[in-house]
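Student: Here you go, this is input.txt (compact mmCIF, C-alpha atoms).
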# COMPACT_ATOMS: atom_id res chain seq x y z
CA MET A 3 -126.78 165.95 51.05
CA THR A 4 -123.39 165.54 49.30
CA ALA A 5 -121.96 164.80 52.73
CA LEU A 6 -124.28 161.87 53.34
CA PHE A 7 -123.84 160.67 49.79
CA SER A 8 -120.02 160.65 49.97
CA LEU A 9 -120.20 158.65 53.19
CA VAL A 10 -122.57 156.04 51.76
CA PHE A 11 -120.67 155.96 48.46
CA THR A 12 -117.31 155.34 50.17
CA ILE A 13 -118.70 152.61 52.45
CA SER A 14 -120.46 150.78 49.60
CA LEU A 15 -117.36 150.87 47.41
CA TYR A 16 -115.33 149.62 50.38
CA TRP A 17 -117.70 146.68 50.91
CA GLY A 18 -117.50 145.81 47.23
CA ALA A 19 -113.71 146.10 47.24
CA LYS A 20 -113.46 143.98 50.37
CA TRP A 21 -115.59 141.29 48.76
CA CYS A 22 -113.33 141.26 45.67
CA TYR A 23 -110.21 141.10 47.83
CA LYS A 24 -111.63 138.18 49.80
CA HIS A 25 -112.19 136.18 46.62
CA LYS A 26 -108.96 137.25 44.97
CA PRO A 27 -106.38 138.43 47.54
CA LYS A 28 -104.02 140.18 45.14
CA VAL A 29 -102.05 143.28 46.15
CA TYR A 30 -103.57 145.44 43.40
CA LEU A 31 -107.07 144.60 44.69
CA SER A 32 -106.37 145.90 48.22
CA PRO A 33 -109.30 148.15 49.28
CA LEU A 34 -106.76 150.78 50.33
CA LEU A 35 -105.71 151.06 46.67
CA THR A 36 -108.91 150.39 44.70
CA VAL A 37 -111.35 152.53 46.70
CA PRO A 38 -109.25 155.75 46.77
CA VAL A 39 -108.49 155.37 43.05
CA LEU A 40 -112.21 154.97 42.23
CA VAL A 41 -113.36 157.76 44.55
CA GLY A 42 -110.54 160.08 43.45
CA GLY A 43 -111.37 159.34 39.81
CA CYS A 44 -115.05 160.15 40.38
CA LEU A 45 -114.17 163.45 42.09
CA LEU A 46 -111.87 164.48 39.23
CA LEU A 47 -114.44 163.50 36.59
CA THR A 48 -117.43 165.21 38.24
CA GLY A 49 -115.44 168.24 39.43
CA ILE A 50 -116.66 167.81 43.02
CA SER A 51 -114.03 169.29 45.34
CA TYR A 52 -112.19 167.19 47.92
CA GLU A 53 -113.51 169.52 50.65
CA SER A 54 -117.16 168.79 49.88
CA TYR A 55 -116.38 165.06 49.67
CA ASP A 56 -114.54 165.20 52.98
CA ALA A 57 -117.44 166.97 54.70
CA GLY A 58 -119.07 163.55 54.88
CA ALA A 59 -116.07 161.24 54.62
CA GLN A 60 -114.26 162.88 57.55
CA TRP A 61 -116.56 160.87 59.83
CA LEU A 62 -114.67 157.81 58.67
CA SER A 63 -111.29 159.42 59.39
CA ARG A 64 -112.53 160.31 62.84
CA MET A 65 -113.15 156.63 63.53
CA LEU A 66 -109.35 156.17 63.48
CA GLU A 67 -109.20 157.45 67.05
CA PRO A 68 -111.55 154.90 68.67
CA ALA A 69 -109.93 152.29 66.41
CA THR A 70 -106.50 153.14 67.83
CA ILE A 71 -107.94 152.86 71.34
CA ALA A 72 -109.39 149.46 70.38
CA PHE A 73 -105.82 148.13 70.06
CA ALA A 74 -105.93 147.91 73.88
CA VAL A 75 -108.02 144.74 73.47
CA PRO A 76 -105.45 142.57 71.58
CA LEU A 77 -102.78 144.16 73.76
CA TYR A 78 -104.61 142.91 76.86
CA LYS A 79 -105.37 139.47 75.41
CA TYR A 80 -101.79 138.76 74.33
CA PHE A 81 -99.98 140.60 77.10
CA ASN A 82 -98.12 137.46 78.23
CA ILE A 83 -96.57 136.90 74.80
CA LEU A 84 -95.60 140.57 74.70
CA LYS A 85 -93.97 140.43 78.12
CA LYS A 86 -92.01 137.34 77.14
CA HIS A 87 -90.62 139.08 74.03
CA ALA A 88 -90.39 142.62 75.40
CA ALA A 89 -86.62 142.97 74.86
CA GLU A 90 -86.53 141.87 71.22
CA ILE A 91 -89.62 143.92 70.37
CA PHE A 92 -88.24 147.05 71.95
CA ILE A 93 -84.72 146.76 70.50
CA SER A 94 -85.89 145.97 66.96
CA VAL A 95 -88.60 148.65 66.89
CA PHE A 96 -86.12 151.19 68.22
CA SER A 97 -83.54 150.39 65.54
CA GLY A 98 -86.26 150.37 62.87
CA SER A 99 -87.65 153.76 63.91
CA ILE A 100 -84.23 155.39 63.84
CA ALA A 101 -83.57 153.74 60.45
CA ALA A 102 -86.89 155.18 59.20
CA ILE A 103 -86.01 158.74 60.20
CA LEU A 104 -82.43 158.66 58.91
CA SER A 105 -83.10 156.78 55.67
CA SER A 106 -86.09 158.97 54.69
CA MET A 107 -83.99 162.04 55.25
CA ALA A 108 -80.86 160.75 53.51
CA ILE A 109 -82.58 159.35 50.41
CA ALA A 110 -84.83 162.41 50.02
CA LYS A 111 -81.83 164.73 50.22
CA MET A 112 -79.89 162.63 47.73
CA LEU A 113 -82.76 163.06 45.25
CA HIS A 114 -82.75 166.85 45.88
CA LEU A 115 -86.37 167.09 47.00
CA ASN A 116 -87.24 170.48 48.45
CA PRO A 117 -86.69 170.89 52.23
CA GLN A 118 -90.38 171.12 53.07
CA ILE A 119 -91.08 167.80 51.34
CA VAL A 120 -88.07 166.26 53.14
CA GLU A 121 -89.42 167.42 56.50
CA SER A 122 -92.87 166.10 55.62
CA LEU A 123 -91.31 162.74 54.71
CA ILE A 124 -89.34 162.23 57.95
CA PRO A 125 -92.23 161.01 60.18
CA ARG A 126 -94.01 159.15 57.33
CA SER A 127 -93.61 155.63 58.74
CA VAL A 128 -95.78 156.08 61.85
CA THR A 129 -99.52 156.28 62.41
CA THR A 130 -101.27 159.40 60.97
CA PRO A 131 -102.09 161.47 64.12
CA ILE A 132 -98.53 161.23 65.49
CA ALA A 133 -96.89 161.69 62.08
CA MET A 134 -98.90 164.89 61.48
CA GLY A 135 -97.95 166.25 64.91
CA VAL A 136 -94.24 165.54 64.40
CA SER A 137 -94.36 167.02 60.90
CA GLU A 138 -95.76 170.27 62.26
CA THR A 139 -93.12 170.63 65.00
CA ILE A 140 -90.22 170.13 62.55
CA GLY A 141 -91.55 172.47 59.83
CA GLY A 142 -93.21 170.03 57.44
CA ILE A 143 -96.77 170.27 56.10
CA PRO A 144 -99.06 167.95 58.15
CA ALA A 145 -101.59 167.38 55.33
CA ILE A 146 -98.82 166.29 52.97
CA THR A 147 -97.35 164.06 55.67
CA ALA A 148 -100.76 162.37 55.94
CA VAL A 149 -100.53 161.55 52.23
CA PHE A 150 -96.99 160.14 52.68
CA VAL A 151 -98.21 158.06 55.63
CA ILE A 152 -100.89 156.47 53.44
CA MET A 153 -98.41 155.86 50.61
CA THR A 154 -96.09 154.21 53.12
CA GLY A 155 -98.94 152.02 54.38
CA LEU A 156 -99.91 150.94 50.90
CA LEU A 157 -96.37 150.39 49.55
CA GLY A 158 -95.31 148.84 52.86
CA SER A 159 -98.05 146.23 52.80
CA ILE A 160 -96.83 145.30 49.31
CA ILE A 161 -93.08 145.26 50.14
CA GLY A 162 -93.52 143.67 53.59
CA PRO A 163 -94.40 140.13 52.48
CA ILE A 164 -91.65 140.30 49.81
CA ILE A 165 -89.02 141.19 52.43
CA ILE A 166 -90.33 138.53 54.79
CA HIS A 167 -89.90 136.02 51.97
CA LEU A 168 -86.47 137.25 50.81
CA LEU A 169 -84.93 137.38 54.29
CA ARG A 170 -86.66 134.11 55.31
CA ILE A 171 -88.22 135.67 58.39
CA ASP A 172 -90.24 132.80 59.75
CA ASN A 173 -91.17 133.71 63.30
CA ASP A 174 -94.35 135.55 64.29
CA ILE A 175 -92.56 138.10 66.47
CA ALA A 176 -90.10 139.23 63.78
CA ARG A 177 -92.85 139.40 61.13
CA GLY A 178 -95.00 141.50 63.46
CA VAL A 179 -92.31 144.05 64.35
CA LEU A 180 -91.32 144.32 60.69
CA LEU A 181 -94.85 145.11 59.48
CA GLY A 182 -95.86 147.36 62.39
CA THR A 183 -92.67 149.43 62.39
CA GLY A 184 -92.45 149.66 58.60
CA ALA A 185 -96.07 150.27 57.65
CA HIS A 186 -98.14 151.24 60.76
CA GLY A 187 -101.89 150.43 60.63
CA ALA A 188 -101.92 149.17 57.05
CA GLY A 189 -98.99 146.86 57.86
CA THR A 190 -100.83 145.69 60.98
CA SER A 191 -103.89 144.90 58.90
CA LYS A 192 -101.61 142.76 56.70
CA ALA A 193 -100.02 141.20 59.80
CA PHE A 194 -103.41 139.92 61.00
CA GLU A 195 -103.56 137.99 57.70
CA PHE A 196 -100.46 136.04 58.84
CA SER A 197 -101.75 135.24 62.36
CA SER A 198 -103.39 137.00 65.29
CA ILE A 199 -100.12 136.94 67.26
CA THR A 200 -98.28 138.57 64.34
CA GLY A 201 -101.05 141.16 64.19
CA THR A 202 -100.87 141.93 67.89
CA ILE A 203 -97.07 142.23 67.86
CA SER A 204 -97.49 144.49 64.83
CA SER A 205 -100.02 146.75 66.56
CA LEU A 206 -97.77 147.05 69.59
CA SER A 207 -94.76 147.80 67.36
CA MET A 208 -96.76 150.46 65.54
CA ILE A 209 -97.59 152.20 68.83
CA LEU A 210 -94.04 151.87 70.13
CA ALA A 211 -92.61 153.21 66.85
CA ALA A 212 -95.00 156.18 67.05
CA LEU A 213 -93.85 157.04 70.57
CA ILE A 214 -90.16 156.59 69.75
CA THR A 215 -90.53 158.82 66.66
CA LEU A 216 -92.46 161.45 68.62
CA PHE A 217 -89.69 161.76 71.19
CA THR A 218 -86.54 161.20 69.09
CA VAL A 219 -87.19 163.20 65.88
CA PRO A 220 -86.76 166.69 67.41
CA TRP A 221 -83.65 165.45 69.22
CA ILE A 222 -82.10 163.80 66.14
CA LEU A 223 -82.74 166.93 64.05
CA SER A 224 -81.01 169.13 66.62
CA VAL A 225 -78.00 166.80 67.02
CA LEU A 226 -77.46 165.82 63.37
CA PRO A 227 -76.25 169.20 62.02
CA ILE A 228 -73.57 169.23 64.73
CA LEU A 229 -72.32 165.77 63.76
CA LEU A 230 -72.26 166.40 60.00
CA MET B 2 -129.00 140.52 65.34
CA ARG B 3 -128.02 140.57 69.00
CA ILE B 4 -124.36 140.47 68.04
CA PHE B 5 -124.91 143.36 65.63
CA LEU B 6 -126.68 145.47 68.29
CA GLY B 7 -124.03 144.59 70.85
CA SER B 8 -121.21 145.61 68.51
CA THR B 9 -122.93 148.90 67.67
CA VAL B 10 -123.40 149.84 71.33
CA GLN B 11 -119.80 148.88 72.10
CA VAL B 12 -118.45 150.90 69.17
CA MET B 13 -120.43 153.90 70.45
CA LEU B 14 -118.97 153.38 73.92
CA LEU B 15 -115.46 153.35 72.46
CA CYS B 16 -116.23 156.54 70.50
CA ALA B 17 -117.45 158.27 73.66
CA PHE B 18 -114.32 157.13 75.48
CA SER B 19 -112.20 158.45 72.61
CA LEU B 20 -113.90 161.88 72.74
CA SER B 21 -113.35 162.18 76.48
CA MET B 22 -109.65 161.29 76.04
CA LYS B 23 -109.34 164.04 73.43
CA GLN B 24 -110.81 166.49 75.95
CA LEU B 25 -108.45 165.26 78.66
CA VAL B 26 -105.41 165.81 76.43
CA ASN B 27 -106.65 169.33 75.61
CA VAL B 28 -107.26 170.24 79.23
CA LEU B 29 -103.91 168.89 80.42
CA HIS B 30 -102.00 170.25 77.35
CA LEU B 31 -100.33 166.89 76.74
CA LYS B 32 -98.13 166.29 73.68
CA VAL B 33 -99.37 162.72 73.26
CA PRO B 34 -102.50 162.30 71.06
CA GLY B 35 -105.73 161.33 72.82
CA SER B 36 -105.95 158.02 70.99
CA ILE B 37 -102.58 156.79 72.29
CA LEU B 38 -103.33 157.96 75.83
CA GLY B 39 -106.77 156.34 75.55
CA MET B 40 -105.27 153.04 74.52
CA PHE B 41 -102.98 152.98 77.55
CA ILE B 42 -105.79 153.96 79.93
CA LEU B 43 -108.15 151.35 78.47
CA PHE B 44 -105.39 148.74 78.74
CA ILE B 45 -104.86 149.60 82.42
CA LEU B 46 -108.63 149.50 83.06
CA LEU B 47 -108.75 146.04 81.49
CA GLN B 48 -105.75 144.81 83.49
CA THR B 49 -107.21 146.07 86.78
CA ARG B 50 -110.60 144.56 85.79
CA VAL B 51 -112.42 147.89 86.15
CA ILE B 52 -113.62 147.21 82.59
CA ARG B 53 -114.43 143.63 81.58
CA LEU B 54 -113.20 142.37 78.21
CA GLU B 55 -116.69 141.24 77.11
CA TRP B 56 -118.06 144.79 77.49
CA ILE B 57 -115.98 146.05 74.58
CA GLU B 58 -114.48 143.07 72.75
CA LEU B 59 -117.04 142.84 69.92
CA GLY B 60 -116.88 146.57 69.22
CA ALA B 61 -113.08 146.66 69.33
CA ASN B 62 -112.83 143.69 66.97
CA TRP B 63 -115.17 145.36 64.52
CA LEU B 64 -113.17 148.62 64.57
CA LEU B 65 -109.91 146.73 64.01
CA ALA B 66 -111.37 144.59 61.22
CA GLU B 67 -112.51 147.70 59.29
CA LEU B 68 -109.33 149.69 59.94
CA LEU B 69 -108.57 150.19 56.24
CA LEU B 70 -111.93 151.92 55.69
CA PHE B 71 -110.90 154.72 58.04
CA PHE B 72 -107.75 155.45 56.03
CA ILE B 73 -109.62 155.86 52.74
CA PRO B 74 -110.69 159.55 52.99
CA SER B 75 -107.09 160.68 53.69
CA ALA B 76 -105.89 158.51 50.81
CA VAL B 77 -108.39 160.25 48.51
CA GLY B 78 -106.84 163.52 49.79
CA ILE B 79 -103.87 162.82 47.51
CA ILE B 80 -105.82 164.49 44.68
CA LYS B 81 -105.38 167.84 46.46
CA TYR B 82 -101.64 167.61 45.78
CA LYS B 83 -101.81 166.77 42.07
CA GLU B 84 -99.12 169.31 41.06
CA MET B 85 -96.66 168.16 43.70
CA LEU B 86 -97.20 164.55 42.72
CA ILE B 87 -96.77 165.26 39.02
CA ASP B 88 -93.49 167.10 39.69
CA ASP B 89 -91.96 164.95 42.42
CA GLY B 90 -94.23 161.91 42.65
CA ILE B 91 -91.70 159.45 41.26
CA TYR B 92 -88.90 160.66 43.54
CA ILE B 93 -91.22 160.60 46.56
CA THR B 94 -92.32 157.05 45.71
CA VAL B 95 -88.66 156.01 45.37
CA VAL B 96 -87.85 157.49 48.80
CA ILE B 97 -90.79 155.71 50.40
CA ILE B 98 -90.08 152.33 48.79
CA LEU B 99 -86.33 152.34 49.54
CA SER B 100 -86.68 153.70 53.04
CA THR B 101 -89.52 151.31 53.93
CA ALA B 102 -87.45 148.38 52.65
CA VAL B 103 -84.50 149.53 54.80
CA VAL B 104 -86.73 149.90 57.88
CA MET B 105 -88.36 146.50 57.41
CA ALA B 106 -85.09 144.68 56.75
CA CYS B 107 -83.46 146.36 59.74
CA THR B 108 -86.39 145.69 62.13
CA GLY B 109 -87.05 142.14 60.95
CA MET B 110 -83.39 141.05 60.96
CA THR B 111 -82.78 142.53 64.43
CA ALA B 112 -85.76 140.62 65.82
CA LYS B 113 -84.74 137.44 64.00
CA LYS B 114 -81.13 137.61 65.28
CA ILE B 115 -82.25 138.20 68.87
CA ALA B 116 -84.72 135.31 68.65
CA GLU B 117 -82.02 133.00 67.24
CA ARG B 118 -79.58 133.93 70.00
CA LYS B 119 -82.28 133.33 72.61
CA GLY B 120 -83.04 129.95 71.03
CA GLN B 121 -79.36 128.92 71.10
CA ARG B 122 -79.02 129.86 74.73
CA GLN B 123 -82.07 127.83 75.65
CA SER B 124 -80.94 124.74 73.74
CA SER B 125 -77.29 124.73 74.92
Please express what this file holds, its structure, as structure tokens.

Tutor:
Amino acid sequence: MTALFSLVFTISLYWGAKWCYKHKPKVYLSPLLTVPVLVGGCLLLTGISYESYDAGAQWLSRMLEPATIAFAVPLYKYFNILKKHAAEIFISVFSGSIAAILSSMAIAKMLHLNPQIVESLIPRSVTTPIAMGVSETIGGIPAITAVFVIMTGLLGSIIGPIIIHLLRIDNDIARGVLLGTGAHGAGTSKAFEFSSITGTISSLSMILAALITLFTVPWILSVLPILL
Amino acid sequence: MRIFLGSTVQVMLLCAFSLSMKQLVNVLHLKVPGSILGMFILFILLQTRVIRLEWIELGANWLLAELLLFFIPSAVGIIKYKEMLIDDGIYITVVIILSTAVVMACTGMTAKKIAERKGQRQSS
């Protein structure tokens, strides 16, 4: 019963939040911020545990898999644009992914966070399923990584447009790679607000970044101690 | 109404496809998640015209439009780590903001520079 209720509750709040965001597209009204705050607040107030909430809500999380597969559709529709810009997409996503791994590690170490949090932070910039897998192989805690991934998505969709504005990034391709590499699915959702080409480039960048991270993180972590 | 029914059936098709990809990854012991493998396979099936775009387009568009909804339960999961967030939350937020800014600046500027160079070559 609670399971069904938490599902219906989350979806209705999401619809409401989406409606608000449509009428007033301000960062602080993003459904990814408002709904979790409201739901989390309700859970803390009523004393319902996250586990019993998630018994129903996990069906939403599970939809992430078919949703990731659905990216094949824009990929197919805009394949010509992608082919034309393959080199710049690949080079910039590659440099961004390496920057993500190294900067997360360096800044976290500078702030003396404990090693397990550092390891959980390293794959934070890529899409949840891959980030959790990488986190596990390098000794982080996958569930905590999932939280960092969401924080990255939320903060990234706030910082992204600011950086685009500051650095005067005016072409669709560069905007797309920036949002997809920096803030995975949430960034891609933002990118579709710019244009459908930006969104498609962003979804491709997100996938590419995930694959690059999956294959380079274990290698970087084994080479780095030798270099330092 | 017909569009609604069509989307629902197509979303269910994509879910079934996703489940079978998960099985495939398990059976073959692959390191890549089923969703990423599934996306590549679906892309190839579309390219080779085994699957027609109109069979899945409505469903795929719906899933992509509601993407944020599927992130919400994991975002609520933050409450499980209250203590960690009270102790280190500010530092963690600082790491994420700074590092994300570095990543975005690096990615965006690289793409911009390459595009500018390409543009110069074409115009000269």

Student: Hey, could you make a per-residue contact list for stretch 10-116 of chain A against stretch 152-169 of chain A with 12 Å as the cut-off, showing the nearest pair of atoms and its distance in Å to one decimal, counting all atoms listed in the file, sorted by chain and number, as a Markdown table?

Tutor:
| residue | atom | partner | partner_atom | distance |
| --- | --- | --- | --- | --- |
| A:Pro27 | CA | A:Ile160 | CA | 11.9 |
| A:Lys28 | CA | A:Ile160 | CA | 9.8 |
| A:Val29 | CA | A:Ile160 | CA | 6.4 |
| A:Tyr30 | CA | A:Ile160 | CA | 9.0 |
| A:Leu31 | CA | A:Ile160 | CA | 11.3 |
| A:Ser32 | CA | A:Leu156 | CA | 8.6 |
| A:Pro33 | CA | A:Leu156 | CA | 9.9 |
| A:Leu34 | CA | A:Leu156 | CA | 6.9 |
| A:Leu35 | CA | A:Leu156 | CA | 7.2 |
| A:Thr36 | CA | A:Leu156 | CA | 10.9 |
| A:Pro38 | CA | A:Ile152 | CA | 10.7 |
| A:Ala102 | CA | A:Thr154 | CA | 11.1 |
| A:Ser106 | CA | A:Thr154 | CA | 11.2 |

Student: Choose the residue, out of A:Ser105, A:Thr147, A:Thr218, A:Thr48, that has the smallest atom-to-atom separation from chain B; count only C-alpha atoms.

Tutor: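 Among the listed residues, the smallest separation from chain B belongs to A:Ser105.
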
Student: Contacts of B:Ile37 at 12 Å or less, counting only C-alpha atoms, minus same-chain residues fewer than 6 places along, as a PyMOL selection string?

Tutor: (chain A and resi 66-74+129-132+205-206+208-213+216) or (chain B and resi 19+22-23+26+31+43-44)

Student: My list of candidates is B:Ala76, B:Ile115, B:Leu65, B:Val103. Which is closest to A:Thr190 when distances are computed with all atoms listed in the file?

Tutor: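 Of all the options, B:Leu65 lies closest to A:Thr190.
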
Student: If you measure from atom CA of B:Gln48 to atom CA of B:Thr108, what distance in Å do you get, rounded to one decimal?

Tutor: 28.8 Å

Student: Check the smallest atom-to-atom distance from each of A:Ala145, A:Leu180, A:Ala89, A:Ile100 to chain B using only C-alpha atoms, then report the winner.

Tutor: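 Nearest to chain B: A:Leu180.
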
Student: Kindly indicate which residue among A:Leu113, A:Asn173, A:Val128, A:Thr139 lies nearest to A:Val151, using only C-alpha atoms for the distances.

Tutor: A:Val128

Student: Work out how far apart atom CA of B:Lys113 and atom CA of A:Val95 are and give it in Å to one decimal.

Tutor: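 Answer for the atom CA of B:Lys113 to atom CA of A:Val95 separation: 12.2 Å.
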
Student: Interatomic distance between atom CA of A:Phe81 and atom CA of A:Leu181?

Tutor: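 That distance, rounded to one decimal, is 18.9 Å.
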
Student: Select, from A:Ser127, A:Pro227, A:Leu47, A:Tyr52, the residue with the minimum atom-to-atom distance to B:Ile79, counting all atoms listed in the file.

Tutor: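 Result for the nearest residue to B:Ile79: A:Tyr52.
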
Student: From the options A:Phe196, A:Ser191, A:Gly184, A:Ile222, which residue's atoms come nearest to A:Gly98, counting all atoms listed in the file?

Tutor: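 Counting all atoms listed in the file, the residue closest to A:Gly98 is A:Gly184.
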
Student: Would you list the contacts of B:Gln11 as a PyMOL selection string, taking every protein, DNA or RNA residue within 9 Å and counting only C-alpha atoms, but skipping same-chain residues closer than 4 positions in sequence?

Tutor: chain B and resi 6-7+15-16+56-61

Student: Applying 10 Å and only C-alpha atoms, which residues near A:Ser204 remain after dropping the ones on its own chain fewer than 3 positions away? List them as a list in words.

Tutor: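 Once the nearby chain positions are removed, what remains is Ile91, Asp174, Ile175, Ala176, Arg177, Gly178, Val179, Leu180, Leu181, Gly182, Thr183, Gly184, Ala185, His186, Gly187, Gly189, Thr190, Ser191, Lys192, Ala193, Phe194, Ser198, Ile199, Thr200, Gly201, Ser207, Met208, Ile209 and Leu210 of chain A.
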
Student: Please return as a PyMOL selection string every residue within 12 Å of (-89.3, 173.3, 63.3), taking into account only C-alpha atoms and the file's own coordinates.

Tutor: chain A and resi 117-118+121-122+135-143+219-221+223-224

Student: Produce a table with one row for each residue of stretch 32-69 of chain B that has an atom at most 12 Å from any atom of stretch 8-22 of chain A, each row naming the nearest atom pair and its distance in Å at one decimal; use all atoms listed in the file; arrange rows by chain and rising residue number; format as a Markdown table.

Tutor:
| residue | atom | partner | partner_atom | distance |
| --- | --- | --- | --- | --- |
| B:Ala66 | CA | A:Lys20 | CA | 11.1 |
| B:Glu67 | CA | A:Tyr16 | CA | 9.5 |
| B:Leu68 | CA | A:Tyr16 | CA | 11.3 |
| B:Leu69 | CA | A:Tyr16 | CA | 9.0 |
